[in-house]
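Novice: PDB, C-alpha atoms, pLDDT in the B column, file work-v1.pdb:
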ATOM      1  CA  MET E   1     -42.193 -28.920  -9.561  1.00 64.00           C
ATOM      2  CA  PRO E   2     -43.880 -26.735  -6.961  1.00 79.00           C
ATOM      3  CA  LEU E   3     -47.404 -27.765  -6.040  1.00 86.00           C
ATOM      4  CA  ALA E   4     -48.513 -24.155  -6.577  1.00 87.00           C
ATOM      5  CA  ASN E   5     -47.842 -24.531 -10.320  1.00 91.00           C
ATOM      6  CA  TYR E   6     -50.744 -26.970 -10.524  1.00 95.00           C
ATOM      7  CA  THR E   7     -53.306 -26.204  -7.816  1.00 95.00           C
ATOM      8  CA  THR E   8     -53.977 -24.045  -4.783  1.00 95.00           C
ATOM      9  CA  PHE E   9     -54.356 -24.985  -1.157  1.00 96.00           C
ATOM     10  CA  HIS E  10     -57.835 -23.409  -1.219  1.00 95.00           C
ATOM     11  CA  ASP E  11     -58.900 -25.688  -4.078  1.00 96.00           C
ATOM     12  CA  VAL E  12     -57.648 -28.794  -2.256  1.00 94.00           C
ATOM     13  CA  ARG E  13     -59.521 -27.770   0.894  1.00 93.00           C
ATOM     14  CA  ALA E  14     -62.656 -27.120  -1.180  1.00 93.00           C
ATOM     15  CA  ALA E  15     -62.422 -30.590  -2.724  1.00 93.00           C
ATOM     16  CA  LEU E  16     -62.278 -32.094   0.775  1.00 90.00           C
ATOM     17  CA  GLY E  17     -64.885 -29.777   2.281  1.00 86.00           C
ATOM     18  CA  VAL E  18     -62.641 -28.553   5.102  1.00 86.00           C
ATOM     19  CA  SER E  19     -61.526 -25.124   6.255  1.00 85.00           C
ATOM     20  CA  SER E  20     -58.078 -23.600   6.672  1.00 88.00           C
ATOM     21  CA  GLU E  21     -58.401 -24.098  10.453  1.00 84.00           C
ATOM     22  CA  GLU E  22     -58.866 -27.827   9.917  1.00 84.00           C
ATOM     23  CA  LEU E  23     -56.183 -28.191   7.252  1.00 88.00           C
ATOM     24  CA  GLY E  24     -53.567 -25.466   7.334  1.00 89.00           C
ATOM     25  CA  ASP E  25     -51.163 -24.274   4.671  1.00 92.00           C
ATOM     26  CA  ASP E  26     -48.266 -25.664   6.708  1.00 92.00           C
ATOM     27  CA  VAL E  27     -49.649 -29.195   6.265  1.00 90.00           C
ATOM     28  CA  LEU E  28     -50.528 -28.775   2.594  1.00 92.00           C
ATOM     29  CA  GLY E  29     -47.074 -27.355   1.959  1.00 91.00           C
ATOM     30  CA  LEU E  30     -45.361 -30.568   3.048  1.00 92.00           C
ATOM     31  CA  GLN E  31     -43.073 -32.180   0.479  1.00 94.00           C
ATOM     32  CA  LEU E  32     -45.055 -35.412   0.795  1.00 93.00           C
ATOM     33  CA  TYR E  33     -48.026 -34.013  -1.148  1.00 94.00           C
ATOM     34  CA  GLU E  34     -45.842 -32.529  -3.863  1.00 95.00           C
ATOM     35  CA  ASP E  35     -44.097 -35.889  -4.256  1.00 94.00           C
ATOM     36  CA  HIS E  36     -47.419 -37.729  -4.496  1.00 94.00           C
ATOM     37  CA  LEU E  37     -48.613 -35.327  -7.175  1.00 95.00           C
ATOM     38  CA  GLN E  38     -45.359 -35.651  -9.113  1.00 94.00           C
ATOM     39  CA  ALA E  39     -45.675 -39.446  -9.021  1.00 94.00           C
ATOM     40  CA  ASP E  40     -49.285 -39.283 -10.249  1.00 94.00           C
ATOM     41  CA  LEU E  41     -48.278 -36.966 -13.107  1.00 94.00           C
ATOM     42  CA  ASP E  42     -45.314 -39.189 -14.011  1.00 93.00           C
ATOM     43  CA  ASP E  43     -47.640 -42.210 -14.073  1.00 93.00           C
ATOM     44  CA  ILE E  44     -49.460 -40.497 -16.943  1.00 93.00           C
ATOM     45  CA  SER E  45     -46.242 -39.436 -18.688  1.00 92.00           C
ATOM     46  CA  ILE E  46     -42.831 -38.247 -17.596  1.00 92.00           C
ATOM     47  CA  SER E  47     -43.079 -35.539 -20.252  1.00 92.00           C
ATOM     48  CA  LEU E  48     -46.291 -34.101 -18.770  1.00 93.00           C
ATOM     49  CA  ASP E  49     -44.541 -31.810 -16.279  1.00 93.00           C
ATOM     50  CA  PRO E  50     -42.154 -30.312 -18.872  1.00 92.00           C
ATOM     51  CA  ALA E  51     -45.070 -29.778 -21.286  1.00 92.00           C
ATOM     52  CA  HIS E  52     -47.010 -28.032 -18.529  1.00 93.00           C
ATOM     53  CA  ALA E  53     -44.036 -25.811 -17.702  1.00 93.00           C
ATOM     54  CA  LEU E  54     -43.673 -24.777 -21.360  1.00 93.00           C
ATOM     55  CA  LEU E  55     -47.354 -23.891 -21.640  1.00 93.00           C
ATOM     56  CA  GLU E  56     -47.261 -21.919 -18.380  1.00 92.00           C
ATOM     57  CA  ALA E  57     -44.702 -19.620 -19.980  1.00 91.00           C
ATOM     58  CA  GLU E  58     -46.822 -19.014 -23.092  1.00 91.00           C
ATOM     59  CA  PRO E  59     -48.679 -15.677 -23.086  1.00 91.00           C
ATOM     60  CA  VAL E  60     -51.560 -16.951 -25.246  1.00 93.00           C
ATOM     61  CA  LEU E  61     -52.848 -20.520 -25.379  1.00 93.00           C
ATOM     62  CA  THR E  62     -54.864 -22.320 -28.013  1.00 93.00           C
ATOM     63  CA  ALA E  63     -58.145 -23.962 -27.048  1.00 94.00           C
ATOM     64  CA  VAL E  64     -56.448 -27.385 -26.899  1.00 94.00           C
ATOM     65  CA  GLN E  65     -53.649 -26.031 -24.703  1.00 94.00           C
ATOM     66  CA  GLU E  66     -56.138 -24.262 -22.423  1.00 96.00           C
ATOM     67  CA  ARG E  67     -58.082 -27.510 -22.046  1.00 96.00           C
ATOM     68  CA  PHE E  68     -54.873 -29.295 -21.051  1.00 95.00           C
ATOM     69  CA  MET E  69     -54.032 -26.634 -18.451  1.00 96.00           C
ATOM     70  CA  MET E  70     -57.559 -26.819 -17.000  1.00 97.00           C
ATOM     71  CA  ALA E  71     -57.385 -30.611 -16.847  1.00 96.00           C
ATOM     72  CA  ALA E  72     -53.985 -30.429 -15.147  1.00 96.00           C
ATOM     73  CA  ARG E  73     -55.408 -28.074 -12.490  1.00 96.00           C
ATOM     74  CA  GLY E  74     -58.448 -30.254 -11.855  1.00 96.00           C
ATOM     75  CA  PHE E  75     -56.472 -33.476 -11.750  1.00 97.00           C
ATOM     76  CA  SER E  76     -53.840 -31.990  -9.444  1.00 96.00           C
ATOM     77  CA  THR E  77     -56.442 -30.726  -7.008  1.00 96.00           C
ATOM     78  CA  TYR E  78     -58.065 -34.132  -6.716  1.00 96.00           C
ATOM     79  CA  ALA E  79     -54.740 -36.007  -6.722  1.00 96.00           C
ATOM     80  CA  VAL E  80     -53.623 -34.080  -3.633  1.00 96.00           C
ATOM     81  CA  ALA E  81     -57.094 -34.364  -2.078  1.00 94.00           C
ATOM     82  CA  LYS E  82     -57.084 -38.126  -2.682  1.00 95.00           C
ATOM     83  CA  THR E  83     -53.751 -38.404  -0.895  1.00 93.00           C
ATOM     84  CA  LEU E  84     -55.244 -36.512   2.052  1.00 91.00           C
ATOM     85  CA  THR E  85     -58.324 -38.764   2.315  1.00 88.00           C
ATOM     86  CA  VAL E  86     -56.219 -41.274   4.223  1.00 85.00           C
ATOM     87  CA  THR E  87     -56.004 -38.853   7.165  1.00 81.00           C
ATOM     88  CA  LEU E  88     -59.224 -36.899   6.568  1.00 77.00           C
ATOM     89  CA  PRO E  89     -61.064 -38.245   9.633  1.00 70.00           C
ATOM     90  CA  MET E  90     -58.130 -37.232  11.831  1.00 69.00           C
ATOM     91  CA  PHE E  91     -57.868 -33.564  10.879  1.00 65.00           C
ATOM     92  CA  GLY E  92     -61.565 -32.898  10.331  1.00 59.00           C
ATOM     93  CA  PRO E  93     -62.920 -32.287  13.837  1.00 55.00           C
ATOM     94  CA  LYS E  94     -66.323 -33.410  14.978  1.00 55.00           C
ATOM     95  CA  SER E  95     -67.059 -30.164  16.791  1.00 55.00           C
ATOM     96  CA  ILE E  96     -65.723 -26.608  16.614  1.00 55.00           C
ATOM     97  CA  GLU E  97     -66.899 -24.064  19.169  1.00 57.00           C
ATOM     98  CA  ASP E  98     -65.845 -20.497  19.903  1.00 61.00           C
ATOM     99  CA  GLY E  99     -68.263 -19.634  22.682  1.00 62.00           C
ATOM    100  CA  LYS E 100     -70.979 -18.249  20.396  1.00 67.00           C
ATOM    101  CA  ALA E 101     -70.924 -20.409  17.317  1.00 65.00           C
ATOM    102  CA  ARG E 102     -70.671 -24.163  17.120  1.00 61.00           C
ATOM    103  CA  LEU E 103     -70.031 -26.508  14.218  1.00 59.00           C
ATOM    104  CA  GLU E 104     -70.646 -30.218  14.589  1.00 58.00           C
ATOM    105  CA  ARG E 105     -70.421 -32.829  11.872  1.00 55.00           C
ATOM    106  CA  PHE E 106     -72.398 -36.007  11.347  1.00 51.00           C
ATOM    107  CA  ASN E 107     -71.025 -39.243  12.778  1.00 54.00           C
ATOM    108  CA  ASP E 108     -69.065 -40.226   9.683  1.00 63.00           C
ATOM    109  CA  PRO E 109     -69.320 -37.587   6.959  1.00 66.00           C
ATOM    110  CA  TYR E 110     -66.048 -38.626   5.396  1.00 77.00           C
ATOM    111  CA  LYS E 111     -67.122 -41.899   3.772  1.00 82.00           C
ATOM    112  CA  ALA E 112     -69.079 -40.068   1.083  1.00 83.00           C
ATOM    113  CA  THR E 113     -66.324 -37.456   0.698  1.00 85.00           C
ATOM    114  CA  ILE E 114     -63.644 -40.104   0.229  1.00 88.00           C
ATOM    115  CA  ILE E 115     -65.724 -41.870  -2.434  1.00 90.00           C
ATOM    116  CA  ALA E 116     -66.521 -38.576  -4.199  1.00 91.00           C
ATOM    117  CA  VAL E 117     -62.868 -37.492  -4.214  1.00 93.00           C
ATOM    118  CA  GLY E 118     -61.845 -40.869  -5.656  1.00 93.00           C
ATOM    119  CA  ASN E 119     -64.472 -40.588  -8.401  1.00 95.00           C
ATOM    120  CA  GLU E 120     -63.414 -37.027  -9.256  1.00 95.00           C
ATOM    121  CA  TYR E 121     -59.769 -38.112  -9.309  1.00 96.00           C
ATOM    122  CA  ASP E 122     -60.588 -40.795 -11.897  1.00 95.00           C
ATOM    123  CA  ARG E 123     -62.681 -38.389 -13.974  1.00 96.00           C
ATOM    124  CA  TRP E 124     -60.028 -35.641 -14.005  1.00 96.00           C
ATOM    125  CA  ARG E 125     -57.309 -38.204 -14.764  1.00 96.00           C
ATOM    126  CA  SER E 126     -59.226 -39.312 -17.864  1.00 94.00           C
ATOM    127  CA  ARG E 127     -59.681 -35.693 -18.919  1.00 95.00           C
ATOM    128  CA  LEU E 128     -55.990 -34.937 -18.410  1.00 95.00           C
ATOM    129  CA  ILE E 129     -54.903 -37.953 -20.452  1.00 94.00           C
ATOM    130  CA  ALA E 130     -57.274 -36.995 -23.281  1.00 93.00           C
ATOM    131  CA  ALA E 131     -56.089 -33.368 -23.235  1.00 93.00           C
ATOM    132  CA  PHE E 132     -52.444 -34.449 -23.143  1.00 92.00           C
ATOM    133  CA  LEU E 133     -52.969 -36.746 -26.117  1.00 92.00           C
ATOM    134  CA  ALA E 134     -54.732 -33.897 -27.958  1.00 92.00           C
ATOM    135  CA  LEU E 135     -51.496 -31.891 -27.635  1.00 89.00           C
ATOM    136  CA  GLY E 136     -49.828 -34.594 -29.722  1.00 85.00           C
ATOM    137  CA  GLU E 137     -48.048 -36.153 -26.760  1.00 79.00           C
ATOM    138  CA  THR E 138     -48.059 -39.791 -25.739  1.00 77.00           C
ATOM    139  CA  ALA E 139     -49.243 -41.068 -22.396  1.00 72.00           C
ATOM    140  CA  THR E 140     -47.945 -44.075 -20.539  1.00 71.00           C
ATOM    141  CA  THR E 141     -50.438 -46.889 -20.554  1.00 57.00           C
ATOM    142  CA  ALA E 142     -50.374 -49.230 -17.636  1.00 53.00           C
ATOM    143  CA  THR E 143     -50.787 -52.816 -18.645  1.00 47.00           C
ATOM    144  CA  THR E 144     -52.315 -55.159 -16.163  1.00 47.00           C
ATOM    145  CA  ARG E 145     -50.987 -58.653 -16.459  1.00 51.00           C
ATOM    146  CA  ARG E 146     -53.107 -61.555 -15.420  1.00 55.00           C
ATOM    147  CA  TYR E 147     -51.720 -65.007 -15.182  1.00 55.00           C
ATOM    148  CA  VAL E 148     -54.044 -67.963 -15.469  1.00 59.00           C
ATOM    149  CA  VAL E 149     -52.907 -71.457 -14.673  1.00 60.00           C
ATOM    150  CA  ALA E 150     -55.043 -74.571 -14.947  1.00 61.00           C
ATOM    151  CA  ILE E 151     -54.542 -77.011 -12.103  1.00 67.00           C
ATOM    152  CA  PRO E 152     -56.311 -80.339 -12.327  1.00 68.00           C
ATOM    153  CA  PRO E 153     -58.043 -81.492  -9.140  1.00 70.00           C
ATOM    154  CA  ALA E 154     -56.240 -84.104  -7.041  1.00 70.00           C
ATOM    155  CA  SER E 155     -59.197 -86.447  -7.391  1.00 74.00           C
ATOM    156  CA  ASN E 156     -62.152 -86.802  -9.688  1.00 73.00           C
ATOM    157  CA  PRO E 157     -65.080 -84.976  -8.057  1.00 70.00           C
ATOM    158  CA  ILE E 158     -67.611 -87.337  -9.635  1.00 74.00           C
ATOM    159  CA  THR E 159     -66.066 -90.692  -8.891  1.00 75.00           C
ATOM    160  CA  GLY E 160     -64.014 -89.647  -5.894  1.00 72.00           C
ATOM    161  CA  THR E 161     -60.926 -91.425  -7.218  1.00 70.00           C
TER     162      THR E 161
END
Turn this file's structure into structure tokens for me.
Specialist:
Amino acid sequence: MPLANYTTFHDVRAALGVSSEELGDDVLGLQLYEDHLQADLDDISISLDPAHALLEAEPVLTAVQERFMMAARGFSTYAVAKTLTVTLPMFGPKSIEDGKARLERFNDPYKATIIAVGNEYDRWRSRLIAAFLALGETATTATTRRYVVAIPPASNPITGT
């Protein structure tokens, strides 16, 4: 599954608010980001990637199929961007200068960006799941298990015994 089947490097950079000088194609082309995206897609359903590949080959898509493809693009962009937020402060320089022009960022502009990317990731994930289900497919639902155990206190808090 090539990353280019789902999103573009330009879209990922736009989601993060960085330029190609700050985040080059050589970095975005690393296998790490493709693997992260594949894992995120498989978390929704292992049949999502094959369904996407089949629809990519179709010359004409229905409205439901087009919605799925759009949701897959949006989700993929923010899934890769979310992975990159871990290192965002390291590759986004504080100051860029070429002798005539100068670009300087605020002290910590990345806090808001990291939160926004996380929110967009969640929103596009919900859209992708809904669009995938609308195709008649089934999504994997993660069940969170919570274990509750009652432990009586060693002594009575009222009497102290």
Novice: Take the point (-59.3, -29.6, -18.4) in the file's coordinates, draw a sphere of radius 10 Å around it, and report as a PyMOL selection string every protein, DNA or RNA residue with an atom inside or on it, counting only C-alpha atoms.
Specialist: chain E and resi 64-75+124-132
Novice: Could you turn the residues from that selection into a file that holds C-alpha atoms, as a short mmCIF file (atom, residue, chain, number, x, y, z; two decimals), in the frame of the given file?
Specialist:
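Generated file (again_5.cif):
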data_model
loop_
_atom_site.label_atom_id
_atom_site.label_comp_id
_atom_site.auth_asym_id
_atom_site.auth_seq_id
_atom_site.Cartn_x
_atom_site.Cartn_y
_atom_site.Cartn_z
CA VAL E 64 -56.45 -27.38 -26.90
CA GLN E 65 -53.65 -26.03 -24.70
CA GLU E 66 -56.14 -24.26 -22.42
CA ARG E 67 -58.08 -27.51 -22.05
CA PHE E 68 -54.87 -29.30 -21.05
CA MET E 69 -54.03 -26.63 -18.45
CA MET E 70 -57.56 -26.82 -17.00
CA ALA E 71 -57.38 -30.61 -16.85
CA ALA E 72 -53.98 -30.43 -15.15
CA ARG E 73 -55.41 -28.07 -12.49
CA GLY E 74 -58.45 -30.25 -11.86
CA PHE E 75 -56.47 -33.48 -11.75
CA TRP E 124 -60.03 -35.64 -14.00
CA ARG E 125 -57.31 -38.20 -14.76
CA SER E 126 -59.23 -39.31 -17.86
CA ARG E 127 -59.68 -35.69 -18.92
CA LEU E 128 -55.99 -34.94 -18.41
CA ILE E 129 -54.90 -37.95 -20.45
CA ALA E 130 -57.27 -36.99 -23.28
CA ALA E 131 -56.09 -33.37 -23.24
CA PHE E 132 -52.44 -34.45 -23.14
#
Novice: Could you work out an axis-aligned box for region 15-20 of chain E, taking every atom the file lists and adding 3 Å on each side, and report centre and edge lengths in Å to one decimal, as JSON?
Specialist:
{"center_x": -61.5, "center_y": -27.8, "center_z": 2.0, "size_x": 12.8, "size_y": 14.5, "size_z": 15.4}
Novice: What does the distance between CA of Phe9 (chain E) and CA of Glu120 (chain E) come to in Å, to one decimal place?
Specialist: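 Calculated distance between CA of Phe9 (chain E) and CA of Glu120 (chain E) is 17.1 Å.
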Novice: Can you measure CA of Lys82 (chain E) to CA of Gly118 (chain E) for me? One decimal in Å is fine.
Specialist: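 Taking CA of Lys82 (chain E) and CA of Gly118 (chain E), their separation equals 6.2 Å.
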Novice: Every residue with an atom at most 9 Å from (-50.1, -38.8, -23.4) (file coordinates; only C-alpha atoms) is what I'm after, so could you write them as a compact mmCIF listing (two decimals) with C-alpha atoms, in the coordinates of the input?
Specialist:
# COMPACT_ATOMS: atom_id res chain seq x y z
CA ILE E 44 -49.46 -40.50 -16.94
CA SER E 45 -46.24 -39.44 -18.69
CA SER E 47 -43.08 -35.54 -20.25
CA LEU E 48 -46.29 -34.10 -18.77
CA LEU E 128 -55.99 -34.94 -18.41
CA ILE E 129 -54.90 -37.95 -20.45
CA ALA E 130 -57.27 -36.99 -23.28
CA ALA E 131 -56.09 -33.37 -23.24
CA PHE E 132 -52.44 -34.45 -23.14
CA LEU E 133 -52.97 -36.75 -26.12
CA ALA E 134 -54.73 -33.90 -27.96
CA LEU E 135 -51.50 -31.89 -27.64
CA GLY E 136 -49.83 -34.59 -29.72
CA GLU E 137 -48.05 -36.15 -26.76
CA THR E 138 -48.06 -39.79 -25.74
CA ALA E 139 -49.24 -41.07 -22.40
CA THR E 140 -47.94 -44.08 -20.54
CA THR E 141 -50.44 -46.89 -20.55
Novice: Compile the contact shell of Tyr110 (chain E) as a list in words: residues with an atom at most 9 Å away, counting only C-alpha atoms, same-chain residues fewer than 5 positions apart removed.
Specialist: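 Contacts, in chain order: Leu16, Thr85, Leu88, Pro89, Gly92 and Ile115 of chain E.
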Novice: If the PyMOL selection byres ((chain E and resi 13) around 10) were run on this exact file, what residues would it hold? Put them as number ranges by chain.
Specialist: E: 8-12, 14-20, 22-25, 28, 77, 80-81, 84
Novice: Go through E:Asn156, E:Ser76, E:Thr113, E:Thr161 and flag the residue nearest Asn5 (chain E), using all atoms listed in the file for the distances.
Specialist: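 Comparing E:Asn156, E:Ser76, E:Thr113, E:Thr161 against Asn5 (chain E), the winner is E:Ser76.
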Novice: How many Å separate CA of Lys111 (chain E) from CA of Tyr78 (chain E)?
Specialist: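 Interatomic distance here is 15.9 Å.
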